[in-house]
Structures are given as C-alpha cells and as structure tokens.
>>> print(open('model-v3.pdb').read())   # PDB, C-alpha atoms
ATOM      1  CA  MET A   1      -8.025  -7.472  15.100
ATOM      2  CA  ASP A   2      -7.226  -8.086  18.749
ATOM      3  CA  ASN A   3      -4.714  -6.150  20.770
ATOM      4  CA  LYS A   4      -1.174  -7.456  20.414
ATOM      5  CA  SER A   5       1.129  -7.661  23.388
ATOM      6  CA  LEU A   6       4.658  -7.980  24.650
ATOM      7  CA  SER A   7       5.591  -8.686  28.242
ATOM      8  CA  HIS A   8       4.905  -5.081  29.346
ATOM      9  CA  THR A   9       2.971  -3.596  26.450
ATOM     10  CA  LYS A  10      -0.394  -4.010  24.761
ATOM     11  CA  TRP A  11      -1.027  -2.233  21.486
ATOM     12  CA  LYS A  12      -3.375  -1.765  18.598
ATOM     13  CA  CYS A  13      -1.643   0.588  16.177
ATOM     14  CA  GLN A  14      -3.735   0.574  13.012
ATOM     15  CA  TYR A  15      -3.534   2.929  10.064
ATOM     16  CA  HIS A  16      -5.311   3.519   6.771
ATOM     17  CA  ILE A  17      -2.685   4.588   4.207
ATOM     18  CA  VAL A  18      -3.090   5.835   0.633
ATOM     19  CA  PHE A  19      -0.167   6.584  -1.676
ATOM     20  CA  ILE A  20       0.184   7.198  -5.405
ATOM     21  CA  PRO A  21       2.687   6.736  -8.240
ATOM     22  CA  LYS A  22       4.546   9.891  -9.241
ATOM     23  CA  TYR A  23       2.329  12.258 -11.259
ATOM     24  CA  ARG A  24      -0.575   9.912 -10.425
ATOM     25  CA  LYS A  25       0.257   7.915 -13.541
ATOM     26  CA  LYS A  26      -2.215   5.098 -14.179
ATOM     27  CA  GLN A  27       0.497   2.447 -14.261
ATOM     28  CA  LEU A  28      -0.660  -0.057 -11.646
ATOM     29  CA  TYR A  29      -2.279  -2.713 -13.807
ATOM     30  CA  GLY A  30      -1.408  -6.115 -15.249
ATOM     31  CA  LYS A  31       1.947  -7.569 -14.234
ATOM     32  CA  ILE A  32       3.065  -4.389 -12.448
ATOM     33  CA  LYS A  33      -0.072  -4.503 -10.267
ATOM     34  CA  GLU A  34       0.616  -8.127  -9.324
ATOM     35  CA  ASP A  35       4.269  -7.334  -8.570
ATOM     36  CA  VAL A  36       3.404  -4.261  -6.469
ATOM     37  CA  ARG A  37       0.953  -6.364  -4.425
ATOM     38  CA  GLU A  38       3.588  -9.076  -3.885
ATOM     39  CA  ILE A  39       6.361  -6.575  -3.069
ATOM     40  CA  ILE A  40       4.260  -4.672  -0.525
ATOM     41  CA  THR A  41       3.209  -7.935   1.136
ATOM     42  CA  THR A  42       6.835  -9.091   1.358
ATOM     43  CA  LEU A  43       8.129  -5.784   2.746
ATOM     44  CA  CYS A  44       5.365  -5.670   5.363
ATOM     45  CA  LYS A  45       6.279  -9.185   6.517
ATOM     46  CA  TYR A  46       9.932  -8.105   6.895
ATOM     47  CA  LYS A  47       8.846  -5.363   9.349
ATOM     48  CA  ASN A  48       6.176  -7.470  11.135
ATOM     49  CA  VAL A  49       3.451  -5.190   9.797
ATOM     50  CA  GLU A  50       0.124  -6.958   9.373
ATOM     51  CA  ILE A  51      -1.917  -6.070   6.301
ATOM     52  CA  ILE A  52      -5.549  -6.080   7.383
ATOM     53  CA  ALA A  53      -6.890  -5.021   3.976
ATOM     54  CA  GLY A  54      -5.374  -3.612   0.831
ATOM     55  CA  ALA A  55      -6.065  -2.701  -2.758
ATOM     56  CA  VAL A  56      -3.738  -1.812  -5.609
ATOM     57  CA  CYS A  57      -5.779   0.412  -7.919
ATOM     58  CA  GLU A  58      -4.668   1.849 -11.277
ATOM     59  CA  ASP A  59      -3.369   5.103  -9.830
ATOM     60  CA  HIS A  60      -3.153   4.568  -6.061
ATOM     61  CA  VAL A  61      -2.659   2.005  -3.308
ATOM     62  CA  HIS A  62      -4.850   1.593  -0.201
ATOM     63  CA  LEU A  63      -3.562  -0.241   2.852
ATOM     64  CA  SER A  64      -5.060  -0.904   6.241
ATOM     65  CA  VAL A  65      -2.174  -2.052   8.421
ATOM     66  CA  ALA A  66      -1.351  -2.860  12.031
ATOM     67  CA  THR A  67       2.184  -1.893  13.001
ATOM     68  CA  PRO A  68       4.268  -2.707  16.064
ATOM     69  CA  PRO A  69       4.521   0.355  18.363
ATOM     70  CA  GLN A  70       8.278   0.745  17.868
ATOM     71  CA  ILE A  71       7.809   1.549  14.152
ATOM     72  CA  SER A  72       6.794   5.108  13.378
ATOM     73  CA  ILE A  73       4.453   5.418  10.421
ATOM     74  CA  SER A  74       6.768   7.902   8.669
ATOM     75  CA  ASN A  75       9.752   5.549   8.967
ATOM     76  CA  PHE A  76       7.630   2.651   7.751
ATOM     77  CA  MET A  77       6.365   4.598   4.726
ATOM     78  CA  GLY A  78       9.902   5.719   3.855
ATOM     79  CA  TYR A  79      11.020   2.100   4.006
ATOM     80  CA  LEU A  80       7.993   0.786   2.080
ATOM     81  CA  LYS A  81       8.132   3.331  -0.740
ATOM     82  CA  GLY A  82      11.930   3.308  -1.007
ATOM     83  CA  LYS A  83      12.440  -0.456  -1.049
ATOM     84  CA  SER A  84       9.401  -1.107  -3.233
ATOM     85  CA  THR A  85      10.698   1.372  -5.822
ATOM     86  CA  LEU A  86      13.989  -0.517  -6.049
ATOM     87  CA  MET A  87      12.194  -3.863  -6.314
ATOM     88  CA  ILE A  88       9.717  -2.591  -8.933
ATOM     89  CA  TYR A  89      12.533  -1.186 -11.088
ATOM     90  CA  ASP A  90      14.458  -4.434 -10.679
ATOM     91  CA  ARG A  91      11.489  -6.346 -12.128
ATOM     92  CA  HIS A  92      10.436  -3.666 -14.644
ATOM     93  CA  PRO A  93      13.523  -1.688 -15.745
ATOM     94  CA  GLU A  94      11.655  -0.334 -18.775
ATOM     95  CA  ILE A  95       9.598   2.042 -16.596
ATOM     96  CA  GLN A  96      12.508   3.457 -14.585
ATOM     97  CA  SER A  97      13.508   6.388 -16.789
ATOM     98  CA  LYS A  98       9.960   7.764 -16.938
ATOM     99  CA  TRP A  99      10.111   9.172 -13.375
ATOM    100  CA  ASN A 100      13.800   9.985 -12.875
ATOM    101  CA  LYS A 101      14.397   7.268 -10.261
ATOM    102  CA  SER A 102      11.142   7.994  -8.401
ATOM    103  CA  PHE A 103       8.213   5.622  -8.753
ATOM    104  CA  TRP A 104       6.032   6.890  -5.886
ATOM    105  CA  ALA A 105       5.006  10.497  -5.272
ATOM    106  CA  ARG A 106       6.638  12.182  -2.280
ATOM    107  CA  GLY A 107       3.671  12.265   0.068
ATOM    108  CA  TYR A 108       1.007   9.897   1.342
ATOM    109  CA  TYR A 109      -2.247  10.028   3.271
ATOM    110  CA  VAL A 110      -2.506   8.321   6.644
ATOM    111  CA  GLU A 111      -5.165   8.165   9.318
ATOM    112  CA  THR A 112      -5.416   6.182  12.493
ATOM    113  CA  LEU A 113      -8.283   3.763  12.812
ATOM    114  CA  GLY A 114      -9.641   5.079  16.068
ATOM    115  CA  ASN A 115     -12.690   7.064  14.988
ATOM    116  CA  ILE A 116     -14.012   4.626  12.399
ATOM    117  CA  THR A 117     -14.474   0.902  12.530
ATOM    118  CA  GLU A 118     -12.165  -1.588  10.938
ATOM    119  CA  GLU A 119     -15.124  -2.952   8.962
ATOM    120  CA  ALA A 120     -15.844   0.475   7.459
ATOM    121  CA  VAL A 121     -12.256   0.741   6.202
ATOM    122  CA  LYS A 122     -12.340  -2.812   4.815
ATOM    123  CA  LYS A 123     -15.616  -2.034   3.018
ATOM    124  CA  TYR A 124     -14.188   1.195   1.578
ATOM    125  CA  ILE A 125     -11.025  -0.568   0.365
ATOM    126  CA  SER A 126     -12.981  -3.433  -1.197
ATOM    127  CA  GLU A 127     -15.207  -0.899  -3.002
ATOM    128  CA  GLN A 128     -12.084   0.864  -4.303
ATOM    129  CA  ALA A 129     -10.680  -2.468  -5.481
ATOM    130  CA  GLU A 130     -13.964  -3.310  -7.220
ATOM    131  CA  ASP A 131     -13.985   0.070  -8.981
ATOM    132  CA  SER A 132     -10.399  -0.560 -10.084
ATOM    133  CA  ARG A 133     -11.320  -4.014 -11.427
ATOM    134  CA  LYS A 134     -14.144  -2.455 -13.433
ATOM    135  CA  GLU A 135     -11.698   0.120 -14.842
ATOM    136  CA  ASP A 136      -9.246  -2.668 -15.715
ATOM    137  CA  MET A 137     -11.985  -4.568 -17.541
ATOM    138  CA  GLY A 138     -12.969  -1.447 -19.463
ATOM    139  CA  SER A 139      -9.392  -0.570 -20.435
ATOM    140  CA  SER A 140      -8.522  -4.164 -21.461
ATOM    141  CA  ALA A 141     -11.421  -4.142 -23.931
ATOM    142  CA  LEU A 142      -9.723  -1.344 -25.914
TER     143      LEU A 142
END
>>> encode(input="model-v3.pdb", output="structure tokens")
Amino acid sequence: MDNKSLSHTKWKCQYHIVFIPKYRKKQLYGKIKEDVREIITTLCKYKNVEIIAGAVCEDHVHLSVATPPQISISNFMGYLKGKSTLMIYDRHPEIQSKWNKSFWARGYYVETLGNITEEAVKKYISEQAEDSRKEDMGSSAL
C-alpha cells in the first residue's frame, strides 16, 4: 500500500488486529461468518478504513487495516465491535441471550505494521483462513 495524503499530510497508518467472540466461543461459521465478514467490511467503509487483508476464523477475526490518521485505533475498535454487535444481533437474534448483550470479548490485540512486512501479515492471515476452512470442513462432516 502506498502512502496516502491530504494537502499537508502524508500517512501510512497500518495495523494488524485480532479480536475474539466472548468466551472465545467457536461461533463464527456458516451464515454468521458470512454476515460478520460483510458487517466488518461495511463498517470499515463508513470510517474510510481500508481492509488490506482479513480472515474470519471460527473463534477469532484477523484484520490488516490502514486507517486515516485522525482515527485512533482504540476509538475505531470501540466503534467496530460495538456497531457490529448490534448488526449481528439484528440478523441473528437467537444468539443474543447467550452473552448478555456482548458478542465480542472486551479486549483485542493490535500491532503496527512497521517492523514486519505487509506481505508477511497477509501470508499469516491467509494461513489462518486456510486453517479455519479446514476446521469448517472437518466440523461440517459431523
């Protein structure tokens, strides 16, 4: 990804983010997985956050994103997890009572992409997605 710019600013604010459903429940599969992917994509577009790579695995989500400099990562994650919870429960009300209004766990992991290459993060995320697909195939055979 190239540097982005405004009239007086150039930036390249990239992050690798990992977050999990509450209690690390293995709930992100099938229709919920598709909806979570769509919801996260939509919410990122609303905030002008570019998704470089991403994977929705059974029990966690990986994102590599580029954010505008005026958005702090903590504010973005609060927005992303809060709004996505509401949208997930709107589409899947049957899962709402299981976590007492919380879908995502409180915390998240974030690192800046300064010390590692973008390609290394993309490779890692694609490997995670492949592992998740293999798990999905194994669990759907049951």
>>> closest_residue(input="model-v3.pdb", among="A:Val56, A:Ile20, A:Leu113, A:Ile40", to="Leu86 (chain A)", atoms="all atoms listed in the file")
A:Ile40
>>> resolve_selection(input="model-v3.pdb", expression="the PyMOL selection byres ((chain A and resi 132) around 12)", output="number ranges by chain")
A: 26, 28-30, 33, 55-62, 125-131, 133-139
>>> atom_distance(input="model-v3.pdb", atom1="CA of Thr9 (chain A)", atom2="CA of Ile71 (chain A)")
14.2 Å
>>> atom_distance(input="model-v3.pdb", atom1="CA of Trp104 (chain A)", atom2="CA of Asp35 (chain A)")
14.6 Å
>>> closest_residue(input="model-v3.pdb", among="A:Lys10, A:Lys31, A:Lys22, A:Lys4", to="His92 (chain A)", atoms="all atoms listed in the file")
A:Lys31
>>> atom_distance(input="model-v3.pdb", atom1="CA of Tyr109 (chain A)", atom2="CA of Tyr15 (chain A)")
9.9 Å
>>> residues_around(input="model-v3.pdb", residues="Gly78 (chain A)", least_positions_apart="3", cutoff="12 Å", atoms="all atoms listed in the file", output="MDAnalysis selection string")
chainID A and resid 19 43 71:75 81:85 104:108
